[in-house]
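upload_18.json (JSON, C-alpha atoms)
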[["chain", "number", "residue", "atom", "x", "y", "z"],
["A", 23, "MET", "CA", 7.37, -8.78, 23.67],
["A", 24, "THR", "CA", 8.00, -5.14, 22.88],
["A", 25, "THR", "CA", 6.20, -2.55, 24.99],
["A", 26, "VAL", "CA", 5.03, 0.65, 23.33],
["A", 27, "ASP", "CA", 3.62, 3.69, 25.09],
["A", 28, "VAL", "CA", 0.08, 4.80, 24.30],
["A", 29, "LEU", "CA", -0.18, 8.56, 23.97],
["A", 30, "ASN", "CA", -3.27, 10.73, 24.25],
["A", 31, "VAL", "CA", -4.18, 13.77, 22.14],
["A", 32, "GLU", "CA", -1.96, 15.98, 24.33],
["A", 33, "GLY", "CA", 1.05, 13.77, 23.63],
["A", 34, "ALA", "CA", 1.22, 12.49, 27.21],
["A", 35, "LYS", "CA", 1.58, 8.83, 28.11],
["A", 36, "SER", "CA", -1.75, 7.33, 29.08],
["A", 37, "GLY", "CA", -0.78, 3.67, 29.16],
["A", 38, "SER", "CA", 1.19, 1.04, 27.31],
["A", 39, "VAL", "CA", 0.59, -1.99, 25.12],
["A", 40, "GLU", "CA", 2.64, -5.07, 24.42],
["A", 41, "LEU", "CA", 3.30, -5.93, 20.79],
["A", 42, "PRO", "CA", 3.23, -9.72, 20.28],
["A", 43, "ALA", "CA", 6.65, -11.11, 19.38],
["A", 44, "ASP", "CA", 5.17, -13.44, 16.75],
["A", 45, "ILE", "CA", 3.99, -10.39, 14.78],
["A", 46, "PHE", "CA", 6.32, -7.54, 15.72],
["A", 47, "ASP", "CA", 9.58, -9.38, 16.43],
["A", 48, "VAL", "CA", 10.15, -11.99, 13.72],
["A", 49, "GLN", "CA", 13.02, -12.40, 11.30],
["A", 50, "ALA", "CA", 12.45, -10.30, 8.18],
["A", 51, "ASN", "CA", 12.79, -12.26, 4.93],
["A", 52, "LEU", "CA", 13.88, -9.67, 2.36],
["A", 53, "ALA", "CA", 13.38, -11.93, -0.63],
["A", 54, "LEU", "CA", 9.87, -12.81, 0.51],
["A", 55, "MET", "CA", 8.92, -9.19, 1.14],
["A", 56, "HIS", "CA", 10.26, -8.24, -2.29],
["A", 57, "GLN", "CA", 8.21, -10.96, -3.97],
["A", 58, "VAL", "CA", 5.03, -9.94, -2.17],
["A", 59, "VAL", "CA", 5.52, -6.24, -2.94],
["A", 60, "VAL", "CA", 6.19, -6.95, -6.62],
["A", 61, "ALA", "CA", 3.03, -9.06, -6.78],
["A", 62, "GLN", "CA", 1.01, -6.35, -5.07],
["A", 63, "LEU", "CA", 2.22, -3.66, -7.45],
["A", 64, "ALA", "CA", 1.64, -5.95, -10.42],
["A", 65, "ALA", "CA", -1.93, -6.61, -9.33],
["A", 66, "ALA", "CA", -2.54, -2.85, -9.22],
["A", 67, "ARG", "CA", -1.74, -2.50, -12.93],
["A", 68, "GLN", "CA", -4.79, -2.15, -15.15],
["A", 69, "GLY", "CA", -3.24, -3.91, -18.11],
["A", 70, "THR", "CA", -5.48, -2.03, -20.59],
["A", 71, "HIS", "CA", -2.62, -0.95, -22.87],
["A", 72, "LYS", "CA", -3.24, -1.61, -26.56],
["A", 73, "VAL", "CA", -1.63, -0.70, -29.90],
["A", 74, "LYS", "CA", -2.89, -1.44, -33.40],
["A", 75, "THR", "CA", -1.21, -3.94, -35.66],
["A", 76, "ARG", "CA", -0.94, -3.37, -39.43],
["A", 77, "GLY", "CA", -4.19, -5.26, -39.85],
["A", 78, "GLU", "CA", -6.04, -2.88, -37.52],
["A", 79, "VAL", "CA", -4.74, 0.48, -38.78],
["A", 80, "ALA", "CA", -7.13, 2.25, -41.15],
["A", 81, "GLY", "CA", -6.06, 2.68, -44.78],
["A", 82, "GLY", "CA", -3.25, 1.09, -46.75],
["A", 83, "GLY", "CA", -5.40, -1.20, -48.79],
["A", 84, "ARG", "CA", -3.77, -0.26, -52.11],
["A", 85, "LYS", "CA", -0.24, -1.10, -53.11],
["A", 86, "PRO", "CA", 1.62, 2.25, -52.97],
["A", 87, "TYR", "CA", 3.51, 1.72, -56.25],
["A", 88, "LYS", "CA", 4.25, -1.02, -58.72],
["A", 89, "GLN", "CA", 6.38, -3.98, -57.74],
["A", 90, "LYS", "CA", 9.25, -3.43, -60.22],
["A", 91, "GLY", "CA", 10.95, -0.71, -62.16],
["A", 92, "THR", "CA", 11.01, 2.08, -59.57],
["A", 93, "GLY", "CA", 14.40, 1.33, -58.05],
["A", 94, "ARG", "CA", 12.80, 1.37, -54.61],
["A", 95, "ALA", "CA", 12.18, -1.48, -52.22],
["A", 96, "ARG", "CA", 8.98, -3.35, -52.89],
["A", 97, "GLN", "CA", 6.09, -2.38, -50.66],
["A", 98, "GLY", "CA", 2.60, -3.76, -50.31],
["A", 99, "SER", "CA", 1.00, -1.23, -47.97],
["A", 100, "ILE", "CA", 1.73, 2.19, -46.49],
["A", 101, "ARG", "CA", 0.43, 0.85, -43.17],
["A", 102, "ALA", "CA", 3.36, -1.54, -42.77],
["A", 103, "PRO", "CA", 5.38, -1.02, -39.55],
["A", 104, "GLN", "CA", 8.24, 0.82, -41.29],
["A", 105, "PHE", "CA", 5.92, 3.64, -42.42],
["A", 106, "ALA", "CA", 4.83, 6.55, -40.26],
["A", 107, "GLY", "CA", 1.24, 5.90, -39.23],
["A", 108, "GLY", "CA", 1.65, 2.19, -39.80],
["A", 109, "GLY", "CA", 0.94, -0.65, -37.44],
["A", 110, "VAL", "CA", 3.12, -1.60, -34.46],
["A", 111, "VAL", "CA", 4.99, -4.88, -34.28],
["A", 112, "HIS", "CA", 5.02, -6.80, -31.00],
["A", 113, "GLY", "CA", 3.33, -3.94, -29.16],
["A", 114, "PRO", "CA", 1.49, -4.22, -25.84],
["A", 115, "VAL", "CA", -1.91, -5.88, -25.75],
["A", 116, "PRO", "CA", -4.41, -6.12, -22.86],
["A", 117, "ARG", "CA", -3.26, -8.60, -20.24],
["A", 118, "ASP", "CA", -3.61, -9.50, -16.59],
["A", 119, "TYR", "CA", -0.46, -8.73, -14.58],
["A", 120, "SER", "CA", -1.68, -10.20, -11.30],
["A", 121, "GLN", "CA", 0.39, -12.91, -9.66],
["A", 122, "ARG", "CA", -0.86, -15.62, -7.38],
["A", 123, "THR", "CA", 0.58, -15.12, -3.91],
["A", 124, "PRO", "CA", -0.30, -17.64, -1.19],
["A", 125, "LYS", "CA", -1.92, -16.15, 1.89],
["A", 126, "LYS", "CA", 0.79, -17.48, 4.20],
["A", 127, "MET", "CA", 3.43, -15.64, 2.18],
["A", 128, "LYS", "CA", 1.50, -12.37, 2.52],
["A", 129, "VAL", "CA", 1.16, -12.89, 6.26],
["A", 130, "ALA", "CA", 4.86, -13.69, 6.71],
["A", 131, "ALA", "CA", 5.92, -10.69, 4.62],
["A", 132, "LEU", "CA", 3.67, -8.30, 6.56],
["A", 133, "ARG", "CA", 4.95, -9.56, 9.90],
["A", 134, "GLY", "CA", 8.52, -9.16, 8.70],
["A", 135, "ALA", "CA", 7.86, -5.57, 7.64],
["A", 136, "LEU", "CA", 6.13, -4.71, 10.92],
["A", 137, "SER", "CA", 8.95, -6.32, 12.88],
["A", 138, "ASP", "CA", 11.52, -4.27, 11.01],
["A", 139, "ARG", "CA", 9.66, -1.06, 11.86],
["A", 140, "ALA", "CA", 9.09, -2.09, 15.48],
["A", 141, "ARG", "CA", 12.76, -2.92, 16.08],
["A", 142, "ALA", "CA", 13.67, 0.53, 14.74],
["A", 143, "GLY", "CA", 11.22, 2.22, 17.09],
["A", 144, "GLN", "CA", 9.00, 3.30, 14.22],
["A", 145, "VAL", "CA", 5.73, 1.84, 15.50],
["A", 146, "HIS", "CA", 3.59, 4.17, 17.61],
["A", 147, "VAL", "CA", 0.21, 3.90, 19.32],
["A", 148, "VAL", "CA", -2.18, 6.74, 20.11],
["A", 149, "GLU", "CA", -5.60, 6.84, 21.76],
["A", 150, "ALA", "CA", -7.02, 9.18, 19.12],
["A", 151, "PHE", "CA", -5.93, 12.14, 17.04],
["A", 152, "VAL", "CA", -8.78, 14.45, 17.97],
["A", 153, "SER", "CA", -10.94, 14.84, 21.03],
["A", 154, "GLY", "CA", -14.67, 15.34, 20.96],
["A", 155, "GLU", "CA", -16.94, 14.45, 18.07],
["A", 156, "LYS", "CA", -15.99, 17.13, 15.53],
["A", 157, "PRO", "CA", -13.29, 16.44, 12.90],
["A", 158, "SER", "CA", -10.29, 18.76, 12.95],
["A", 159, "THR", "CA", -7.31, 18.42, 10.63],
["A", 160, "LYS", "CA", -5.35, 21.01, 12.61],
["A", 161, "ALA", "CA", -5.84, 19.16, 15.90],
["A", 162, "ALA", "CA", -5.09, 15.79, 14.31],
["A", 163, "LEU", "CA", -1.82, 17.05, 12.82],
["A", 164, "ALA", "CA", -0.84, 18.60, 16.14],
["A", 165, "THR", "CA", -1.24, 15.18, 17.76],
["A", 166, "LEU", "CA", 0.62, 13.43, 14.94],
["A", 167, "VAL", "CA", 3.62, 15.77, 15.27],
["A", 168, "LYS", "CA", 3.92, 14.78, 18.94],
["A", 169, "LEU", "CA", 4.17, 11.13, 17.84],
["A", 170, "THR", "CA", 6.45, 11.36, 14.83],
["A", 171, "GLU", "CA", 8.13, 13.86, 12.54],
["A", 172, "ALA", "CA", 8.43, 11.37, 9.68],
["A", 173, "ARG", "CA", 7.97, 12.76, 6.19],
["A", 174, "ARG", "CA", 5.60, 9.91, 5.37],
["A", 175, "ALA", "CA", 3.49, 8.26, 8.02],
["A", 176, "LEU", "CA", 1.16, 5.30, 7.72],
["A", 177, "VAL", "CA", -1.82, 5.79, 10.04],
["A", 178, "VAL", "CA", -3.81, 2.66, 10.78],
["A", 179, "LEU", "CA", -7.40, 3.23, 11.87],
["A", 180, "SER", "CA", -10.22, 0.91, 12.86],
["A", 181, "SER", "CA", -12.94, 0.21, 10.30],
["A", 182, "THR", "CA", -15.45, 2.34, 12.23],
["A", 183, "ASP", "CA", -13.20, 5.31, 13.01],
["A", 184, "GLU", "CA", -14.74, 7.96, 10.78],
["A", 185, "LEU", "CA", -13.74, 10.90, 12.99],
["A", 186, "ASN", "CA", -9.98, 10.39, 12.70],
["A", 187, "TRP", "CA", -10.29, 9.38, 9.05],
["A", 188, "VAL", "CA", -12.02, 12.63, 8.09],
["A", 189, "SER", "CA", -9.53, 14.63, 10.15],
["A", 190, "LEU", "CA", -6.44, 13.23, 8.39],
["A", 191, "ARG", "CA", -7.58, 12.30, 4.90],
["A", 192, "ASN", "CA", -6.46, 15.58, 3.30],
["A", 193, "GLU", "CA", -2.91, 15.57, 4.68],
["A", 194, "PRO", "CA", -0.45, 14.58, 1.90],
["A", 195, "ARG", "CA", 2.19, 13.31, 4.35],
["A", 196, "VAL", "CA", -0.25, 10.79, 5.82],
["A", 197, "HIS", "CA", -1.49, 7.60, 4.24],
["A", 198, "LEU", "CA", -4.61, 6.25, 5.91],
["A", 199, "ILE", "CA", -5.53, 2.59, 5.95],
["A", 200, "GLU", "CA", -7.96, 0.37, 7.80],
["A", 201, "ALA", "CA", -6.52, -2.29, 10.09],
["A", 202, "GLY", "CA", -7.99, -5.06, 7.95],
["A", 203, "GLN", "CA", -6.27, -3.68, 4.83],
["A", 204, "LEU", "CA", -2.76, -3.38, 6.28],
["A", 205, "ASN", "CA", -0.21, -4.70, 3.81],
["A", 206, "THR", "CA", 3.52, -5.09, 3.29],
["A", 207, "TYR", "CA", 3.96, -2.38, 0.66],
["A", 208, "ASP", "CA", 2.32, 0.39, 2.66],
["A", 209, "VAL", "CA", 4.36, -0.52, 5.76],
["A", 210, "LEU", "CA", 7.65, -0.49, 3.87],
["A", 211, "VAL", "CA", 7.01, 2.69, 1.91],
["A", 212, "ALA", "CA", 6.17, 4.64, 5.08],
["A", 213, "ASP", "CA", 8.76, 5.95, 7.52],
["A", 214, "ASP", "CA", 6.64, 5.42, 10.65],
["A", 215, "VAL", "CA", 3.54, 3.34, 11.40],
["A", 216, "VAL", "CA", 0.99, 4.84, 13.79],
["A", 217, "PHE", "CA", -1.85, 2.73, 15.18],
["A", 218, "THR", "CA", -4.81, 4.02, 17.08],
["A", 219, "LYS", "CA", -5.49, 1.83, 20.11],
["A", 220, "ASP", "CA", -8.72, 0.51, 18.61],
["A", 221, "ALA", "CA", -7.00, -0.21, 15.29],
["A", 222, "LEU", "CA", -4.23, -2.18, 17.01],
["A", 223, "ASP", "CA", -6.81, -4.23, 18.89],
["A", 224, "GLU", "CA", -8.68, -4.87, 15.66],
["A", 225, "PHE", "CA", -5.49, -5.88, 13.88],
["A", 226, "LEU", "CA", -4.51, -8.27, 16.68],
["A", 227, "GLY", "CA", -8.02, -9.69, 16.82],
["A", 228, "LEU", "CA", -8.70, -8.41, 20.32],
["A", 229, "PRO", "CA", -12.12, -7.19, 21.51],
["A", 230, "THR", "CA", -12.37, -3.41, 21.41],
["A", 231, "VAL", "CA", -13.98, -1.60, 24.32],
["A", 232, "VAL", "CA", -15.17, 1.94, 23.60],
["A", 233, "GLY", "CA", -13.31, 4.48, 25.70],
["A", 234, "ARG", "CA", -10.61, 2.06, 26.87],
["A", 235, "ALA", "CA", -7.06, 3.07, 26.06],
["A", 236, "THR", "CA", -5.18, 2.99, 29.35],
["A", 237, "GLU", "CA", -5.05, -0.74, 30.09],
["A", 238, "PRO", "CA", -2.31, -2.81, 28.45],
["A", 239, "ALA", "CA", -3.64, -5.02, 25.69],
["A", 240, "GLU", "CA", -3.52, -8.77, 26.17],
["A", 241, "THR", "CA", -2.10, -10.50, 23.15],
["A", 242, "THR", "CA", -2.96, -13.86, 21.67],
["A", 243, "GLU", "CA", -1.09, -16.20, 19.40],
["A", 244, "GLU", "CA", -3.86, -15.90, 16.83],
["A", 245, "GLY", "CA", -3.59, -12.10, 16.50],
["A", 246, "GLY", "CA", -2.45, -10.33, 13.40],
["A", 247, "LYS", "CA", -2.92, -10.99, 9.75]]
Written as structure tokens, that's how I'd like the structure from this file.
Amino acid sequence: MTTVDVLNVEGAKSGSVELPADIFDVQANLALMHQVVVAQLAAARQGTHKVKTRGEVAGGGRKPYKQKGTGRARQGSIRAPQFAGGGVVHGPVPRDYSQRTPKKMKVAALRGALSDRARAGQVHVVEAFVSGEKPSTKAALATLVKLTEARRALVVLSSTDELNWVSLRNEPRVHLIEAGQLNTYDVLVADDVVFTKDALDEFLGLPTVVGRATEPAETTEEGGK
């Protein structure tokens, strides 16, 4: 297992946690991660694109000129594809781009991405970004700078952590995500991954105790996504 220090809002070490090897130290399958990311991006496409065919474009009901005797090519409608304002041939139509990806593939890809970041020392754990009960973007960013100077950081919060969410949601360098929504694409597109202690426990399936952040977390084989 890999041990990671847990830092407090002052940037000082307040404890440590062990990252389970079956989640944070597995062999990364590049082909699998690519397939899962492509499927995720495809599923995000709306697929509402639409162009009109020659049968849907208004006008063009009359033959523009007689069939013979003009010396020009015969034409039946000014809404044919070769005319400006005419219909479009083989254009896009509404469709569903989503791909079926088995759950086990998603899990394996996410673990591979997290393992790649963990081996590079790009996984961090913090107790919280702000102290007290009042949100503060300035204080949250001051804590984040003590953890990482990455240009793009993925911050993983617990589903009930509204204080830290409100404090960091307006920072363009930070992408916030709940522990239950962690996915391969967001891990790979970010330079560093920062967990709060509660979010890491939630992700690993461990019970979360309010106010506890100094004791090392016990890991289980069933943790993770």
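Each of A:Val129, A:Val188, A:Val178, A:Ala66 was compared to Ala50 (chain A) using only C-alpha atoms, and A:Val129 turns out to be the nearest.
Minimum atom-to-atom distance to Gly113 (chain A), evaluated using only C-alpha atoms, belongs to A:Lys72 out of A:Lys90, A:His146, A:Lys72, A:Lys160.
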Subject >> Tyr87 (chain A) environment, 10 Å, all atoms listed in the file, sequence neighbours closer than 3 positions dropped, as a PyMOL selection string >> reply: chain A and resi 84+90-92+94+96-100
For C-alpha atoms, I'd like the residues from the last selection saved as a PDB file, in the frame of the given file.
ATOM      1  CA  ARG A  84      -3.770  -0.260 -52.110  1.00  0.00           C
ATOM      2  CA  LYS A  90       9.250  -3.430 -60.220  1.00  0.00           C
ATOM      3  CA  GLY A  91      10.950  -0.710 -62.160  1.00  0.00           C
ATOM      4  CA  THR A  92      11.010   2.080 -59.570  1.00  0.00           C
ATOM      5  CA  ARG A  94      12.800   1.370 -54.610  1.00  0.00           C
ATOM      6  CA  ARG A  96       8.980  -3.350 -52.890  1.00  0.00           C
ATOM      7  CA  GLN A  97       6.090  -2.380 -50.660  1.00  0.00           C
ATOM      8  CA  GLY A  98       2.600  -3.760 -50.310  1.00  0.00           C
ATOM      9  CA  SER A  99       1.000  -1.230 -47.970  1.00  0.00           C
ATOM     10  CA  ILE A 100       1.730   2.190 -46.490  1.00  0.00           C
TER      11      ILE A 100
END
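The spacing separating CA of Asp44 (chain A) from CA of Lys126 (chain A) amounts to 13.9 Å.
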Using all atoms listed in the file, what table do you get, as a Markdown table, when you list each residue of region 58-129 of chain A with an atom no more than 10 Å from region 196-218 of chain A, its nearest pair of atoms, and their distance in Å rounded to one decimal, rows by chain then rising number?
| residue | atom | partner | partner_atom | distance |
| --- | --- | --- | --- | --- |
| A:Val58 | CA | A:Thr206 | CA | 7.5 |
| A:Val59 | CA | A:Tyr207 | CA | 5.5 |
| A:Val60 | CA | A:Tyr207 | CA | 8.9 |
| A:Gln62 | CA | A:Tyr207 | CA | 7.6 |
| A:Leu63 | CA | A:Tyr207 | CA | 8.4 |
| A:Lys128 | CA | A:Thr206 | CA | 7.6 |
| A:Val129 | CA | A:Asn205 | CA | 8.7 |
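The closest residue to Gly37 (chain A), picked from A:Leu226, A:Lys219, A:His112, A:Gly93 and counting only C-alpha atoms, is A:Lys219.
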**OP:** Mind giving me the straight-line distance from CA of Asn51 (chain A) to CA of Arg139 (chain A) in Å, one decimal?
**Re:** 13.5 Å
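Take the candidates A:Glu171, A:Glu155, A:Asp220, A:Asp118 and check each one against Gln68 (chain A) using all atoms listed in the file; the shortest distance goes to A:Asp118.
Proximity to Asn186 (chain A) was assessed for A:Thr24, A:Gln89, A:Thr159, A:Gln121 counting all atoms listed in the file; the smallest distance is recorded for A:Thr159.
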Original post:
What lies within 12 Å of Ala80 (chain A) using all atoms listed in the file, ignoring chain neighbours under 6 positions off, as a count of residues only?
Top reply: 8
**OP:** Name the closest residue to Gly33 (chain A) among the candidates A:Val148, A:Ser181, A:Trp187, A:Gly154; distances are taken between atoms, counting all atoms listed in the file.
**Re:** A:Val148
Subject >> Computed interatomic separation between CA of Val147 (chain A) and CA of Glu32 (chain A) (Å) >> reply: 13.3 Å
Any chance you could model N, CA and C atoms for region 82-112 of chain A and send them as an mmCIF file, in the frame of the given file?
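The new file selection35.cif reads:
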data_model
loop_
_atom_site.group_PDB
_atom_site.id
_atom_site.type_symbol
_atom_site.label_atom_id
_atom_site.label_comp_id
_atom_site.auth_asym_id
_atom_site.auth_seq_id
_atom_site.Cartn_x
_atom_site.Cartn_y
_atom_site.Cartn_z
ATOM 1 N N GLY A 82 -4.322 1.972 -46.284
ATOM 2 C CA GLY A 82 -3.250 1.090 -46.750
ATOM 3 C C GLY A 82 -3.707 -0.104 -47.534
ATOM 4 N N GLY A 83 -4.913 -0.044 -48.043
ATOM 5 C CA GLY A 83 -5.400 -1.200 -48.790
ATOM 6 C C GLY A 83 -4.812 -1.337 -50.177
ATOM 7 N N ARG A 84 -4.319 -0.239 -50.749
ATOM 8 C CA ARG A 84 -3.770 -0.260 -52.110
ATOM 9 C C ARG A 84 -2.258 -0.319 -52.058
ATOM 10 N N LYS A 85 -1.701 -1.045 -53.005
ATOM 11 C CA LYS A 85 -0.240 -1.100 -53.110
ATOM 12 C C LYS A 85 0.255 0.297 -53.479
ATOM 13 N N PRO A 86 1.231 0.846 -52.738
ATOM 14 C CA PRO A 86 1.620 2.250 -52.970
ATOM 15 C C PRO A 86 2.224 2.514 -54.341
ATOM 16 N N TYR A 87 2.955 1.586 -54.896
ATOM 17 C CA TYR A 87 3.510 1.720 -56.250
ATOM 18 C C TYR A 87 3.787 0.334 -56.790
ATOM 19 N N LYS A 88 4.093 0.287 -58.070
ATOM 20 C CA LYS A 88 4.250 -1.020 -58.720
ATOM 21 C C LYS A 88 5.431 -1.785 -58.130
ATOM 22 N N GLN A 89 5.399 -3.074 -58.351
ATOM 23 C CA GLN A 89 6.380 -3.980 -57.740
ATOM 24 C C GLN A 89 7.786 -3.716 -58.277
ATOM 25 N N LYS A 90 7.917 -3.522 -59.607
ATOM 26 C CA LYS A 90 9.250 -3.430 -60.220
ATOM 27 C C LYS A 90 9.411 -2.141 -61.008
ATOM 28 N N GLY A 91 10.642 -1.804 -61.260
ATOM 29 C CA GLY A 91 10.950 -0.710 -62.160
ATOM 30 C C GLY A 91 11.108 0.645 -61.512
ATOM 31 N N THR A 92 10.882 0.766 -60.215
ATOM 32 C CA THR A 92 11.010 2.080 -59.570
ATOM 33 C C THR A 92 12.374 2.283 -58.941
ATOM 34 N N GLY A 93 13.114 1.224 -58.736
ATOM 35 C CA GLY A 93 14.400 1.330 -58.050
ATOM 36 C C GLY A 93 14.257 1.373 -56.536
ATOM 37 N N ARG A 94 13.052 1.337 -56.055
ATOM 38 C CA ARG A 94 12.800 1.370 -54.610
ATOM 39 C C ARG A 94 12.486 -0.027 -54.111
ATOM 40 N N ALA A 95 12.523 -0.182 -52.803
ATOM 41 C CA ALA A 95 12.180 -1.480 -52.220
ATOM 42 C C ALA A 95 10.698 -1.758 -52.426
ATOM 43 N N ARG A 96 10.376 -2.981 -52.656
ATOM 44 C CA ARG A 96 8.980 -3.350 -52.890
ATOM 45 C C ARG A 96 8.164 -3.143 -51.609
ATOM 46 N N GLN A 97 6.983 -2.638 -51.787
ATOM 47 C CA GLN A 97 6.090 -2.380 -50.660
ATOM 48 C C GLN A 97 4.678 -2.811 -51.029
ATOM 49 N N GLY A 98 3.967 -3.322 -50.043
ATOM 50 C CA GLY A 98 2.600 -3.760 -50.310
ATOM 51 C C GLY A 98 1.557 -2.879 -49.658
ATOM 52 N N SER A 99 1.961 -2.076 -48.666
ATOM 53 C CA SER A 99 1.000 -1.230 -47.970
ATOM 54 C C SER A 99 1.733 -0.108 -47.246
ATOM 55 N N ILE A 100 1.119 1.084 -47.232
ATOM 56 C CA ILE A 100 1.730 2.190 -46.490
ATOM 57 C C ILE A 100 1.415 2.095 -44.993
ATOM 58 N N ARG A 101 0.708 1.068 -44.589
ATOM 59 C CA ARG A 101 0.430 0.850 -43.170
ATOM 60 C C ARG A 101 1.319 -0.249 -42.584
ATOM 61 N N ALA A 102 2.370 -0.608 -43.304
ATOM 62 C CA ALA A 102 3.360 -1.540 -42.770
ATOM 63 C C ALA A 102 4.131 -0.852 -41.637
ATOM 64 N N PRO A 103 4.737 -1.609 -40.743
ATOM 65 C CA PRO A 103 5.380 -1.020 -39.550
ATOM 66 C C PRO A 103 6.481 0.001 -39.850
ATOM 67 N N GLN A 104 7.142 -0.108 -41.011
ATOM 68 C CA GLN A 104 8.240 0.820 -41.290
ATOM 69 C C GLN A 104 7.762 2.191 -41.760
ATOM 70 N N PHE A 105 6.463 2.357 -42.001
ATOM 71 C CA PHE A 105 5.920 3.640 -42.420
ATOM 72 C C PHE A 105 5.341 4.390 -41.227
ATOM 73 N N ALA A 106 5.471 5.726 -41.275
ATOM 74 C CA ALA A 106 4.830 6.550 -40.260
ATOM 75 C C ALA A 106 3.316 6.373 -40.363
ATOM 76 N N GLY A 107 2.677 6.148 -39.223
ATOM 77 C CA GLY A 107 1.240 5.900 -39.230
ATOM 78 C C GLY A 107 0.887 4.443 -39.455
ATOM 79 N N GLY A 108 1.903 3.612 -39.598
ATOM 80 C CA GLY A 108 1.650 2.190 -39.800
ATOM 81 C C GLY A 108 1.390 1.458 -38.503
ATOM 82 N N GLY A 109 1.192 0.163 -38.614
ATOM 83 C CA GLY A 109 0.940 -0.650 -37.440
ATOM 84 C C GLY A 109 2.194 -0.833 -36.590
ATOM 85 N N VAL A 110 2.019 -1.370 -35.397
ATOM 86 C CA VAL A 110 3.120 -1.600 -34.460
ATOM 87 C C VAL A 110 3.363 -3.098 -34.343
ATOM 88 N N VAL A 111 4.628 -3.468 -34.400
ATOM 89 C CA VAL A 111 4.990 -4.880 -34.280
ATOM 90 C C VAL A 111 5.308 -5.226 -32.833
ATOM 91 N N HIS A 112 4.757 -6.294 -32.355
ATOM 92 C CA HIS A 112 5.020 -6.800 -31.000
ATOM 93 C C HIS A 112 4.729 -5.750 -29.926
#
